[in-house]
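Participant: Structure file structure11.txt (compact mmCIF, C-alpha atoms and all ligand atoms) is given on the next line.
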```txt
# COMPACT_ATOMS: atom_id res chain seq x y z
CA MET I 1036 42.86 -33.86 -60.76
CA SER I 1037 42.40 -30.50 -59.14
CA ASP I 1038 38.99 -29.64 -57.72
CA ASN I 1039 38.65 -26.00 -58.68
CA LYS I 1040 34.98 -25.90 -57.76
CA ASN I 1041 35.84 -25.16 -54.10
CA GLN I 1042 37.42 -21.76 -53.92
CA PRO I 1043 39.10 -21.04 -50.58
CA VAL I 1044 37.64 -18.43 -48.25
CA ARG I 1045 40.45 -15.91 -47.97
CA GLY I 1046 41.59 -15.67 -44.37
CA LEU I 1047 38.77 -18.13 -43.50
CA GLU I 1048 36.57 -15.08 -42.91
CA GLY I 1049 33.16 -16.13 -41.62
CA VAL I 1050 34.05 -19.84 -41.67
CA VAL I 1051 32.70 -21.62 -38.59
CA ALA I 1052 35.37 -24.11 -37.50
CA ALA I 1053 34.30 -25.14 -33.99
CA ASP I 1054 31.50 -25.16 -31.45
CA THR I 1055 32.44 -23.43 -28.24
CA LEU I 1056 30.82 -22.68 -24.91
CA LEU I 1057 33.61 -20.33 -23.91
CA SER I 1058 33.15 -16.93 -25.50
CA TYR I 1059 31.11 -15.15 -28.14
CA VAL I 1060 31.97 -12.05 -30.14
CA ASP I 1061 28.98 -10.15 -31.51
CA GLY I 1062 30.74 -8.04 -34.10
CA GLU I 1063 27.61 -6.19 -35.21
CA ARG I 1064 26.62 -5.00 -31.75
CA GLY I 1065 30.13 -4.69 -30.34
CA LYS I 1066 29.58 -7.24 -27.59
CA LEU I 1067 31.84 -9.85 -26.03
CA TYR I 1068 30.55 -12.60 -23.76
CA TYR I 1069 32.50 -15.03 -21.58
CA ARG I 1070 30.35 -18.07 -20.78
CA GLY I 1071 27.29 -15.92 -21.44
CA TYR I 1072 28.40 -13.04 -19.19
CA ASP I 1073 28.59 -9.67 -20.94
CA ILE I 1074 32.14 -8.31 -20.67
CA ASP I 1075 30.65 -4.90 -19.83
CA GLU I 1076 29.18 -6.46 -16.69
CA LEU I 1077 32.46 -8.10 -15.72
CA ALA I 1078 35.05 -5.38 -16.47
CA GLY I 1079 36.12 -3.64 -13.28
CA LYS I 1080 33.94 -5.90 -11.10
CA VAL I 1081 35.63 -9.29 -11.24
CA SER I 1082 39.20 -10.45 -10.80
CA PHE I 1083 41.13 -12.37 -13.43
CA GLU I 1084 40.85 -15.54 -11.33
CA GLU I 1085 37.06 -15.27 -11.40
CA VAL I 1086 37.12 -15.16 -15.20
CA VAL I 1087 39.55 -18.09 -15.30
CA HIS I 1088 37.15 -20.08 -13.13
CA ALA I 1089 34.22 -19.17 -15.38
CA LEU I 1090 36.13 -20.17 -18.53
CA TRP I 1091 37.38 -23.47 -17.12
CA PHE I 1092 34.35 -24.56 -15.08
CA GLY I 1093 31.42 -22.78 -16.72
CA ASP I 1094 30.43 -20.35 -14.00
CA LEU I 1095 31.76 -17.53 -11.85
CA PRO I 1096 33.13 -18.94 -8.59
CA ASN I 1097 31.71 -18.65 -5.09
CA PRO I 1098 34.16 -17.32 -2.44
CA SER I 1099 35.68 -20.71 -1.59
CA GLN I 1100 36.05 -21.69 -5.25
CA LEU I 1101 37.72 -18.34 -5.92
CA GLU I 1102 40.14 -18.85 -3.04
CA GLU I 1103 40.95 -22.33 -4.35
CA MET I 1104 41.62 -20.93 -7.85
CA ARG I 1105 43.70 -18.03 -6.52
CA SER I 1106 45.84 -20.06 -4.13
CA SER I 1107 46.40 -22.93 -6.57
CA LEU I 1108 47.58 -20.56 -9.30
CA ILE I 1109 49.96 -18.76 -6.93
CA ALA I 1110 51.27 -22.12 -5.68
CA GLU I 1111 52.15 -23.19 -9.24
CA MET I 1112 54.20 -20.11 -10.13
CA ARG I 1113 57.60 -21.73 -9.53
CA LEU I 1114 59.75 -22.57 -12.55
CA PRO I 1115 62.18 -25.50 -12.87
CA GLY I 1116 65.80 -24.34 -12.49
CA GLN I 1117 66.59 -25.47 -16.05
CA VAL I 1118 63.91 -23.17 -17.47
CA LEU I 1119 65.31 -20.25 -15.45
CA ASP I 1120 68.72 -21.14 -16.88
CA LEU I 1121 67.22 -21.03 -20.36
CA LEU I 1122 65.94 -17.49 -19.65
CA ARG I 1123 69.45 -16.54 -18.49
CA LEU I 1124 70.96 -17.97 -21.68
CA ALA I 1125 68.59 -16.18 -24.07
CA PRO I 1126 70.25 -13.37 -26.07
CA PRO I 1127 69.60 -10.10 -24.20
CA ASN I 1128 67.82 -8.50 -27.14
CA ALA I 1129 65.65 -11.51 -28.11
CA ASN I 1130 61.96 -10.64 -28.39
CA PRO I 1131 60.34 -11.70 -25.07
CA MET I 1132 57.60 -13.45 -27.06
CA VAL I 1133 60.27 -15.64 -28.67
CA VAL I 1134 61.76 -16.41 -25.27
CA LEU I 1135 58.31 -17.05 -23.78
CA ARG I 1136 57.40 -19.40 -26.64
CA THR I 1137 60.68 -21.30 -26.25
CA ALA I 1138 60.51 -21.45 -22.45
CA LEU I 1139 56.89 -22.62 -22.47
CA SER I 1140 57.75 -25.30 -24.99
CA SER I 1141 60.62 -26.44 -22.76
CA LEU I 1142 58.27 -26.68 -19.76
CA GLY I 1143 56.57 -29.56 -21.58
CA MET I 1144 59.71 -31.64 -20.90
CA PHE I 1145 59.48 -31.10 -17.15
CA ASP I 1146 55.72 -31.31 -16.58
CA PRO I 1147 54.78 -34.39 -14.51
CA ASP I 1148 51.63 -34.79 -16.66
CA GLY I 1149 53.61 -34.26 -19.87
CA GLY I 1150 52.26 -37.05 -22.08
CA ILE I 1151 48.87 -37.47 -20.36
CA ASN I 1152 45.79 -35.89 -21.92
CA THR I 1153 43.02 -36.88 -19.51
CA GLU I 1154 40.60 -34.20 -18.27
CA GLU I 1155 42.21 -34.26 -14.79
CA ALA I 1156 45.77 -34.05 -16.14
CA ASN I 1157 44.78 -31.26 -18.52
CA LEU I 1158 43.32 -29.26 -15.66
CA ARG I 1159 46.52 -29.67 -13.65
CA LYS I 1160 48.55 -28.61 -16.69
CA ALA I 1161 46.23 -25.66 -17.33
CA ARG I 1162 46.90 -24.35 -13.80
CA ARG I 1163 50.63 -24.87 -14.08
CA ILE I 1164 50.92 -23.33 -17.55
CA LEU I 1165 48.89 -20.23 -16.65
CA ALA I 1166 50.89 -19.69 -13.46
CA GLN I 1167 54.22 -20.39 -15.14
CA VAL I 1168 53.76 -18.09 -18.15
CA ALA I 1169 53.43 -15.21 -15.70
CA THR I 1170 56.63 -16.26 -13.96
CA ILE I 1171 58.49 -16.64 -17.25
CA VAL I 1172 57.58 -13.10 -18.34
CA SER I 1173 58.33 -11.47 -14.99
CA SER I 1174 61.55 -13.46 -14.42
CA LEU I 1175 62.85 -12.66 -17.89
CA HIS I 1176 62.44 -8.95 -17.26
CA ARG I 1177 64.05 -9.12 -13.80
CA LEU I 1178 67.02 -11.09 -15.14
CA ARG I 1179 67.50 -8.68 -18.02
CA VAL I 1180 67.59 -5.60 -15.81
CA GLY I 1181 69.85 -7.35 -13.29
CA LYS I 1182 67.31 -7.27 -10.48
CA PRO I 1183 66.63 -10.16 -8.08
CA LEU I 1184 63.74 -12.46 -8.90
CA VAL I 1185 60.63 -11.78 -6.82
CA SER I 1186 58.72 -14.68 -5.27
CA ALA I 1187 54.95 -14.59 -5.34
CA ASP I 1188 53.10 -13.31 -2.29
CA ALA I 1189 50.97 -16.27 -1.15
CA LYS I 1190 48.22 -13.94 0.08
CA ALA I 1191 47.84 -11.71 -3.01
CA GLY I 1192 45.86 -12.31 -6.19
CA PHE I 1193 47.15 -13.22 -9.64
CA ALA I 1194 47.22 -9.69 -11.11
CA ALA I 1195 48.84 -8.11 -8.05
CA ASN I 1196 51.44 -10.88 -7.94
CA PHE I 1197 52.21 -10.71 -11.64
CA LEU I 1198 52.75 -6.94 -11.48
CA TYR I 1199 54.75 -7.29 -8.25
CA MET I 1200 56.98 -10.02 -9.70
CA LEU I 1201 57.54 -7.94 -12.84
CA CYS I 1202 58.11 -4.48 -11.34
CA GLY I 1203 59.36 -5.46 -7.88
CA ARG I 1204 56.97 -3.24 -5.96
CA ILE I 1205 53.52 -3.82 -4.54
CA PRO I 1206 51.08 -2.08 -6.91
CA GLU I 1207 48.72 0.63 -5.69
CA GLU I 1208 45.03 -0.24 -5.70
CA THR I 1209 44.26 1.74 -8.91
CA GLU I 1210 47.18 0.06 -10.69
CA ARG I 1211 46.17 -3.40 -9.50
CA ASN I 1212 42.58 -2.82 -10.54
CA ALA I 1213 43.59 -1.55 -14.01
CA PHE I 1214 45.98 -4.45 -14.55
CA ASP I 1215 43.46 -6.99 -13.27
CA THR I 1216 40.86 -5.57 -15.68
CA LEU I 1217 43.37 -5.60 -18.53
CA LEU I 1218 43.90 -9.32 -17.88
CA VAL I 1219 40.13 -9.88 -17.67
CA LEU I 1220 39.59 -8.13 -21.02
CA HIS I 1221 42.21 -10.22 -22.85
CA ALA I 1222 41.27 -13.64 -21.43
CA ASP I 1223 39.36 -15.09 -24.39
CA HIS I 1224 38.06 -14.06 -27.79
CA SER I 1225 36.36 -16.92 -29.62
CA LEU I 1226 38.40 -18.35 -32.49
CA ALA I 1227 41.17 -15.75 -32.78
CA ALA I 1228 44.13 -16.84 -34.92
CA SER I 1229 46.16 -17.97 -31.89
CA THR I 1230 43.23 -19.91 -30.42
CA PHE I 1231 42.65 -21.62 -33.75
CA ALA I 1232 46.36 -22.52 -33.83
CA ALA I 1233 46.00 -24.08 -30.37
CA ARG I 1234 42.91 -26.07 -31.38
CA VAL I 1235 44.47 -27.29 -34.64
CA THR I 1236 47.56 -28.44 -32.75
CA VAL I 1237 45.67 -30.30 -30.07
CA SER I 1238 43.31 -31.88 -32.63
CA THR I 1239 46.24 -34.15 -33.57
CA LEU I 1240 46.31 -35.23 -29.90
CA ALA I 1241 49.54 -33.34 -29.35
CA GLY I 1242 49.45 -32.13 -25.77
CA MET I 1243 48.64 -28.84 -24.12
CA HIS I 1244 52.22 -27.54 -24.09
CA SER I 1245 52.44 -28.03 -27.88
CA ALA I 1246 49.14 -26.22 -28.35
CA ILE I 1247 50.10 -23.23 -26.21
CA THR I 1248 53.48 -23.04 -27.96
CA ALA I 1249 51.64 -22.81 -31.29
CA ALA I 1250 49.27 -20.20 -29.88
CA LEU I 1251 52.17 -18.09 -28.60
CA ALA I 1252 53.83 -18.28 -32.00
CA SER I 1253 50.66 -17.01 -33.63
CA LEU I 1254 49.94 -14.25 -31.11
CA LYS I 1255 53.39 -12.74 -31.63
CA GLY I 1256 52.60 -11.38 -35.11
CA PRO I 1257 51.83 -7.66 -35.56
CA LEU I 1258 48.45 -8.43 -37.15
CA HIS I 1259 47.45 -10.11 -33.86
CA GLY I 1260 48.88 -9.51 -30.36
CA GLY I 1261 52.08 -7.89 -31.57
CA ALA I 1262 50.18 -4.72 -32.48
CA ASN I 1263 50.19 -3.25 -28.94
CA ARG I 1264 53.96 -2.82 -28.96
CA GLU I 1265 53.82 -1.14 -32.36
CA VAL I 1266 51.14 1.22 -31.06
CA ILE I 1267 53.36 2.62 -28.31
CA GLU I 1268 56.23 3.04 -30.77
CA MET I 1269 53.87 4.96 -33.06
CA LEU I 1270 52.71 7.21 -30.19
CA HIS I 1271 56.29 8.00 -29.15
CA GLY I 1272 57.24 8.52 -32.78
CA ILE I 1273 54.44 11.06 -33.22
CA GLY I 1274 55.44 12.74 -29.95
CA LYS I 1275 52.75 15.44 -29.73
CA THR I 1276 49.16 16.01 -30.77
CA GLY I 1277 49.94 18.59 -33.47
CA ARG I 1278 51.72 15.93 -35.52
CA VAL I 1279 48.91 13.38 -35.65
CA ASN I 1280 47.35 14.56 -38.92
CA ALA I 1281 50.57 14.50 -40.89
CA TYR I 1282 51.54 11.09 -39.53
CA ILE I 1283 48.20 9.36 -40.12
CA ASP I 1284 47.65 10.92 -43.53
CA GLY I 1285 51.17 9.95 -44.53
CA MET I 1286 50.63 6.34 -43.44
CA LEU I 1287 47.30 6.04 -45.22
CA ALA I 1288 48.64 7.70 -48.38
CA ASN I 1289 51.35 5.03 -48.45
CA GLY I 1290 48.78 2.24 -48.04
CA LYS I 1291 50.05 1.41 -44.54
CA LYS I 1292 47.86 0.14 -41.75
CA ILE I 1293 47.47 2.00 -38.48
CA MET I 1294 48.40 -0.40 -35.71
CA GLY I 1295 45.72 -1.04 -33.10
CA PHE I 1296 42.89 -0.36 -35.56
CA GLY I 1297 40.50 -2.63 -37.39
CA HIS I 1298 39.19 -6.06 -36.58
CA ARG I 1299 38.04 -9.10 -38.51
CA VAL I 1300 34.85 -9.52 -36.47
CA TYR I 1301 33.93 -6.16 -34.92
CA LYS I 1302 32.05 -3.91 -37.31
CA THR I 1303 31.49 -1.39 -34.52
CA GLU I 1304 33.36 -0.48 -31.32
CA ASP I 1305 35.44 -3.23 -29.72
CA PRO I 1306 34.02 -3.22 -26.15
CA ARG I 1307 37.45 -4.01 -24.72
CA SER I 1308 38.91 -0.82 -26.18
CA ARG I 1309 36.15 1.22 -24.53
CA HIS I 1310 37.13 -0.05 -21.06
CA LEU I 1311 40.83 0.31 -21.75
CA ARG I 1312 40.35 3.89 -23.01
CA ARG I 1313 38.91 4.80 -19.59
CA PHE I 1314 41.86 3.25 -17.76
CA SER I 1315 44.32 4.79 -20.22
CA GLU I 1316 43.04 8.31 -19.57
CA GLU I 1317 43.15 7.89 -15.80
CA LEU I 1318 46.53 6.15 -15.64
CA CYS I 1319 48.25 8.41 -18.19
CA ARG I 1320 47.18 11.45 -16.17
CA LYS I 1321 48.43 9.86 -12.96
CA ALA I 1322 51.75 8.86 -14.54
CA GLY I 1323 52.32 12.31 -16.07
CA VAL I 1324 52.06 11.06 -19.67
CA SER I 1325 48.69 12.58 -20.58
CA HIS I 1326 50.08 13.55 -23.96
CA LEU I 1327 50.15 9.86 -24.93
CA PHE I 1328 46.45 9.57 -24.19
CA ASP I 1329 45.74 12.84 -26.04
CA ILE I 1330 47.65 11.63 -29.10
CA SER I 1331 45.76 8.32 -28.97
CA HIS I 1332 42.45 10.09 -28.76
CA GLU I 1333 43.28 12.31 -31.71
CA ILE I 1334 44.40 9.30 -33.78
CA GLU I 1335 41.14 7.54 -32.92
CA SER I 1336 39.06 10.50 -34.18
CA LEU I 1337 41.11 10.94 -37.33
CA VAL I 1338 41.18 7.25 -38.34
CA MET I 1339 37.41 7.19 -37.86
CA ILE I 1340 37.02 10.19 -40.19
CA ARG I 1341 39.50 8.97 -42.81
CA LYS I 1342 38.75 5.22 -42.85
CA GLY I 1343 35.70 4.62 -40.65
CA ILE I 1344 37.80 2.16 -38.62
CA ARG I 1345 37.83 1.91 -34.83
CA PRO I 1346 40.51 0.89 -32.33
CA ASN I 1347 40.84 -2.73 -31.28
CA VAL I 1348 41.99 -4.08 -27.92
CA ASP I 1349 45.65 -3.45 -28.70
CA PHE I 1350 45.30 0.32 -29.11
CA TYR I 1351 44.57 1.54 -25.59
CA SER I 1352 46.20 -1.45 -23.91
CA ALA I 1353 49.49 0.06 -25.07
CA THR I 1354 49.09 3.27 -23.02
CA VAL I 1355 47.58 1.42 -20.06
CA GLN I 1356 50.69 -0.76 -19.89
CA GLU I 1357 53.05 2.14 -20.51
CA ALA I 1358 51.44 4.14 -17.69
CA LEU I 1359 51.76 1.11 -15.40
CA GLY I 1360 55.51 1.19 -16.02
CA ILE I 1361 55.63 -2.02 -18.05
CA PRO I 1362 58.43 -1.94 -20.67
CA LYS I 1363 57.01 -2.06 -24.20
CA GLU I 1364 58.96 -5.23 -25.05
CA TYR I 1365 56.60 -7.10 -22.70
CA PHE I 1366 53.24 -5.76 -23.90
CA THR I 1367 52.46 -8.74 -26.13
CA SER I 1368 53.68 -11.17 -23.47
CA ILE I 1369 51.26 -9.65 -20.94
CA PHE I 1370 48.47 -10.23 -23.47
CA ALA I 1371 49.75 -13.80 -23.85
CA VAL I 1372 49.63 -14.48 -20.12
CA SER I 1373 45.99 -13.45 -19.96
CA ARG I 1374 45.00 -15.26 -23.17
CA THR I 1375 46.61 -18.45 -21.87
CA ALA I 1376 43.49 -18.77 -19.68
CA GLY I 1377 41.37 -18.93 -22.82
CA TRP I 1378 43.78 -21.06 -24.83
CA VAL I 1379 43.93 -23.83 -22.22
CA ALA I 1380 40.12 -23.73 -21.92
CA HIS I 1381 39.85 -24.19 -25.71
CA VAL I 1382 42.38 -27.03 -25.57
CA MET I 1383 40.29 -28.81 -22.91
CA GLU I 1384 37.12 -28.18 -24.91
CA GLN I 1385 38.75 -29.56 -28.08
CA PHE I 1386 39.88 -32.70 -26.24
CA ARG I 1387 36.32 -33.33 -25.01
CA ASP I 1388 34.96 -33.65 -28.55
CA ASN I 1389 37.97 -34.01 -30.77
CA ARG I 1390 38.18 -34.61 -34.47
CA LEU I 1391 41.39 -33.95 -36.41
CA ILE I 1392 41.21 -30.44 -37.94
CA ARG I 1393 42.37 -30.97 -41.46
CA PRO I 1394 40.85 -28.68 -44.09
CA SER I 1395 41.45 -28.89 -47.83
CA SER I 1396 43.31 -26.65 -50.22
CA ASN I 1397 42.57 -25.59 -53.74
CA TYR I 1398 45.54 -26.74 -55.85
CA THR I 1399 46.46 -24.02 -58.34
CA GLY I 1400 49.57 -25.63 -59.84
CA GLY I 1401 50.05 -27.69 -62.99
CA PHE I 1402 50.08 -31.41 -63.84
CA ASP I 1403 51.79 -33.84 -66.20
CA ARG I 1404 55.25 -32.31 -65.85
CA LYS I 1405 58.05 -34.46 -67.23
CA PHE I 1406 60.49 -35.81 -64.69
CA ARG I 1407 64.15 -35.22 -65.56
CA ASP I 1408 67.06 -36.87 -63.82
CA ILE I 1409 69.06 -34.47 -61.61
CA HIS I 1410 71.99 -34.47 -64.08
CA ASP I 1411 69.68 -33.40 -66.90
CA ARG I 1412 68.09 -30.41 -65.14
N1 LIG I 1501 44.60 0.80 -40.81
C1 LIG I 1501 44.19 1.20 -42.02
N2 LIG I 1501 43.34 0.49 -42.79
C2 LIG I 1501 42.90 -0.65 -42.29
C3 LIG I 1501 43.28 -1.13 -41.03
C4 LIG I 1501 44.16 -0.36 -40.28
N3 LIG I 1501 44.57 -0.76 -39.08
N4 LIG I 1501 42.67 -2.30 -40.80
C5 LIG I 1501 41.94 -2.57 -41.88
N5 LIG I 1501 42.09 -1.58 -42.79
C6 LIG I 1501 41.45 -1.50 -44.09
C7 LIG I 1501 42.25 -2.31 -45.10
O1 LIG I 1501 43.25 -1.55 -45.72
C8 LIG I 1501 41.17 -2.76 -46.05
O2 LIG I 1501 40.81 -1.67 -46.85
P1 LIG I 1501 40.50 -1.87 -48.40
O3 LIG I 1501 39.29 -2.75 -48.44
O4 LIG I 1501 40.27 -0.48 -48.87
O5 LIG I 1501 41.71 -2.54 -48.98
C9 LIG I 1501 39.97 -3.01 -45.13
O6 LIG I 1501 40.17 -2.14 -44.02
C10 LIG I 1501 39.87 -4.45 -44.64
O7 LIG I 1501 41.13 -4.80 -44.03
P2 LIG I 1501 41.71 -6.26 -43.97
O8 LIG I 1501 43.15 -6.19 -43.64
O9 LIG I 1501 41.32 -7.02 -45.19
O10 LIG I 1501 40.89 -6.85 -42.76
P3 LIG I 1501 41.18 -8.20 -42.03
O11 LIG I 1501 39.91 -8.61 -41.39
O12 LIG I 1501 41.85 -9.18 -42.93
O13 LIG I 1501 42.28 -7.80 -40.93
C11 LIG I 1501 43.27 -6.89 -39.02
C12 LIG I 1501 41.99 -7.49 -39.62
C13 LIG I 1501 44.41 -7.85 -39.27
C14 LIG I 1501 43.06 -6.75 -37.53
C15 LIG I 1501 43.53 -5.52 -39.68
O14 LIG I 1501 42.49 -4.63 -39.33
C16 LIG I 1501 44.87 -4.96 -39.29
O15 LIG I 1501 45.87 -5.30 -39.93
N6 LIG I 1501 44.94 -4.09 -38.26
C17 LIG I 1501 46.20 -3.55 -37.80
C18 LIG I 1501 46.92 -4.55 -36.90
C19 LIG I 1501 46.23 -4.71 -35.55
O16 LIG I 1501 45.86 -3.75 -34.91
N7 LIG I 1501 46.11 -5.97 -35.13
C20 LIG I 1501 45.48 -6.31 -33.86
C21 LIG I 1501 44.13 -6.93 -34.09
S1 LIG I 1501 43.27 -7.27 -32.58
C22 LIG I 1501 44.01 -8.67 -32.00
O17 LIG I 1501 44.48 -9.48 -32.69
C23 LIG I 1501 44.11 -8.80 -30.57
```
Would it be possible to restate this file's structure as C-alpha cells?
Facilitator:
Amino acid sequence: MSDNKNQPVRGLEGVVAADTLLSYVDGERGKLYYRGYDIDELAGKVSFEEVVHALWFGDLPNPSQLEEMRSSLIAEMRLPGQVLDLLRLAPPNANPMVVLRTALSSLGMFDPDGGINTEEANLRKARRILAQVATIVSSLHRLRVGKPLVSADAKAGFAANFLYMLCGRIPEETERNAFDTLLVLHADHSLAASTFAARVTVSTLAGMHSAITAALASLKGPLHGGANREVIEMLHGIGKTGRVNAYIDGMLANGKKIMGFGHRVYKTEDPRSRHLRRFSEELCRKAGVSHLFDISHEIESLVMIRKGIRPNVDFYSATVQEALGIPKEYFTSIFAVSRTAGWVAHVMEQFRDNRLIRPSSNYTGGFDRKFRDIHDR
C-alpha cells in the first residue's frame, strides 16, 4: 500500500543528504567557505591549484606542495589519441557540454586505474580527470576553429595554461589573474545539483568517471551551470542600457525567469558574484565592451527592485568570460572544468564513508487495476 504520510520535499529544499568537510554555503550571511577558509579571503590571493590542494588534502599547500600539485596537473593534460579523434568526429554544432560529457565518459575506458576505487587510485584519477577536462575543452575549440592544438607550458600554472591552450596566446597578467580567480570561485559549492548527482552515482560504487559524467550532465542545464551562456545571449539581445526596462518587465510579465538570478541557498548576495562583478567591470572596460557591464549593472538594479532577487555566480561570469575572449559556447564548460576539482573531492569523500544513496518516493498512482491480455486492450 502507498505510504502517503511522507510527503516529498519539493526539490529536496533544506534536506541534508551528506556530511562534508569540503565547503559550506551560509545563505543567510552570503558566505562561502572552502575547508573553513572564507572565499572573500581567498579570491584574488590564491591560485586555482592552491584551492584544489585545500579541497583534496584539507589545507592550503606550502610552496613545495603547490609546485607538486601544479606540475602534476600540467603533466596529466595529455589526451589519448582516440579521445581526440572523438572530438574531431563530434558534429560541429554539438553543445560543448555534450561533447565534454561524452569525451570524459570515454576517458574511463582508457584510464589505467579504471576499475579501481582505492584512495590512491582515486587521487590519481582525480588529477588526470581535472587535467584532462581542461584539455578536452580547449582542444575542442581549437579543432572547431581549425587552429593547431596547443601543448601545455610545463612552467606555467593551470589557469594560464588552460587559457593559453584555449585561445592560443599567453594571457596578460590581469587576464590570468581574473581567469584564475574565476576558477577559484567556481571550484566547489556544497551539495549543488551536479555534486549530488556525482555522489549518488558513486554511492553505488560506480567509479569516478561515471560520477563526473553524471555531474557534467547535471551542470549542463540552464537552471544550473547552463545559465551563464544564456546570460550573455540576453545581454547581446538587449544591446544597450536604454532597453533594459522593457526587456526585464516583459520577461517578468510573461512569468519568465531572468537568467543568472536567484539561488536555492543564498538569501542575500552570492559572494562569488561580488568578486566577479569587480572583474567584469575592469575587463569589459579593457576589452572595449563596457556597455555589457553597464547593461548587467542596470539589470541587477532593476531585478532587485522588481523581484528582490540578486545575481548568482553565473551572471557576472558571463561578461568576465566574454571580455577574456572566450566564445560563449564554452562558458558552461569552463565552469565544469573548475567544478571538477570539487566533484572529485566529493567523490573521494563519499568513498571514504559510503552508503548507497537511495531515497524513497511517495507513490501517487492507483492500485488493483485489472490486467488485460495485449489482444484485449
Ligand atoms: N527570475 C525571476 N524570478 C525568479 C528567478 C529569476 N531568475 N529565480 C527565482 N525567481 C522567483 C520564482 O519565480 C519564484 O517566485 P514565486 O514564489 O513568486 O513563484 C521564487 O523566486 C522562487 O523561485 P524558485 O524557482 O522556486 O527557486 P528555486 O530555489 O527552486 O530555484 C534557481 C533556484 C533554479 C537558481 C532559480 O532561481 C532560477 O531558475 N534562476 C535562473 C537560472 C539560473 O540563474 N541558474 C543558475 C543558478 S546558480 C548555479 O547553479 C551555479
Participant: For I:Val1300, please output as an MDAnalysis selection string all residues within 10 Å (counting all atoms listed in the file; exclusion window: fewer than 3 positions along the same chain).
Facilitator: chainID I and resid 1048:1049 1060:1063 1065 1227 1297 1303 1305
Participant: Pick out the closest residue to ligand LIG 1501 (chain I) from this set: I:Leu1258, I:Leu1240, I:Ala1371, I:Ala1089. Count all atoms listed in the file.
Facilitator: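 Ranked by minimum distance to ligand LIG 1501 (chain I), first place goes to I:Leu1258.
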Participant: Could you give me, as a PDB file with C-alpha atoms, in the coordinates of the input, every polymer residue with an atom at most 8 Å away from an atom of ligand LIG 1501 (chain I), counting all atoms listed in the file?
Facilitator:
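Heads up, here's the output in selection-v1.pdb:
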```pdb
ATOM      1  CA  GLY I1046      41.590 -15.670 -44.370  1.00  0.00           C
ATOM      2  CA  GLU I1048      36.570 -15.080 -42.910  1.00  0.00           C
ATOM      3  CA  ALA I1227      41.170 -15.750 -32.780  1.00  0.00           C
ATOM      4  CA  ALA I1228      44.130 -16.840 -34.920  1.00  0.00           C
ATOM      5  CA  LEU I1254      49.940 -14.250 -31.110  1.00  0.00           C
ATOM      6  CA  PRO I1257      51.830  -7.660 -35.560  1.00  0.00           C
ATOM      7  CA  LEU I1258      48.450  -8.430 -37.150  1.00  0.00           C
ATOM      8  CA  HIS I1259      47.450 -10.110 -33.860  1.00  0.00           C
ATOM      9  CA  GLY I1260      48.880  -9.510 -30.360  1.00  0.00           C
ATOM     10  CA  GLY I1261      52.080  -7.890 -31.570  1.00  0.00           C
ATOM     11  CA  ALA I1262      50.180  -4.720 -32.480  1.00  0.00           C
ATOM     12  CA  ASN I1263      50.190  -3.250 -28.940  1.00  0.00           C
ATOM     13  CA  LEU I1287      47.300   6.040 -45.220  1.00  0.00           C
ATOM     14  CA  GLY I1290      48.780   2.240 -48.040  1.00  0.00           C
ATOM     15  CA  LYS I1291      50.050   1.410 -44.540  1.00  0.00           C
ATOM     16  CA  LYS I1292      47.860   0.140 -41.750  1.00  0.00           C
ATOM     17  CA  ILE I1293      47.470   2.000 -38.480  1.00  0.00           C
ATOM     18  CA  MET I1294      48.400  -0.400 -35.710  1.00  0.00           C
ATOM     19  CA  GLY I1295      45.720  -1.040 -33.100  1.00  0.00           C
ATOM     20  CA  PHE I1296      42.890  -0.360 -35.560  1.00  0.00           C
ATOM     21  CA  GLY I1297      40.500  -2.630 -37.390  1.00  0.00           C
ATOM     22  CA  HIS I1298      39.190  -6.060 -36.580  1.00  0.00           C
ATOM     23  CA  ARG I1299      38.040  -9.100 -38.510  1.00  0.00           C
ATOM     24  CA  VAL I1300      34.850  -9.520 -36.470  1.00  0.00           C
ATOM     25  CA  VAL I1338      41.180   7.250 -38.340  1.00  0.00           C
ATOM     26  CA  LYS I1342      38.750   5.220 -42.850  1.00  0.00           C
ATOM     27  CA  ILE I1344      37.800   2.160 -38.620  1.00  0.00           C
ATOM     28  CA  PRO I1346      40.510   0.890 -32.330  1.00  0.00           C
ATOM     29  CA  ASN I1347      40.840  -2.730 -31.280  1.00  0.00           C
ATOM     30  CA  VAL I1348      41.990  -4.080 -27.920  1.00  0.00           C
ATOM     31  CA  ASP I1349      45.650  -3.450 -28.700  1.00  0.00           C
ATOM     32  CA  PHE I1350      45.300   0.320 -29.110  1.00  0.00           C
TER      33      PHE I1350
END
```
Participant: Skipping near chain neighbours, those fewer than 3 positions away, what residues fall within 9 Å of I:Ile1392 using all atoms listed in the file, listed as a list in words?
Facilitator: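 Non-adjacent residues within range: Ala1052, Arg1234, Val1235, Thr1236, Ser1238, Thr1239 and Asn1389 of chain I.
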Participant: Determine the nearest neighbour of I:Thr1170 from the options I:Ala1252, I:Ala1358, I:Val1044, I:Leu1198, counting all atoms listed in the file.
Facilitator: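 Among the listed residues, the smallest separation from I:Thr1170 belongs to I:Leu1198.
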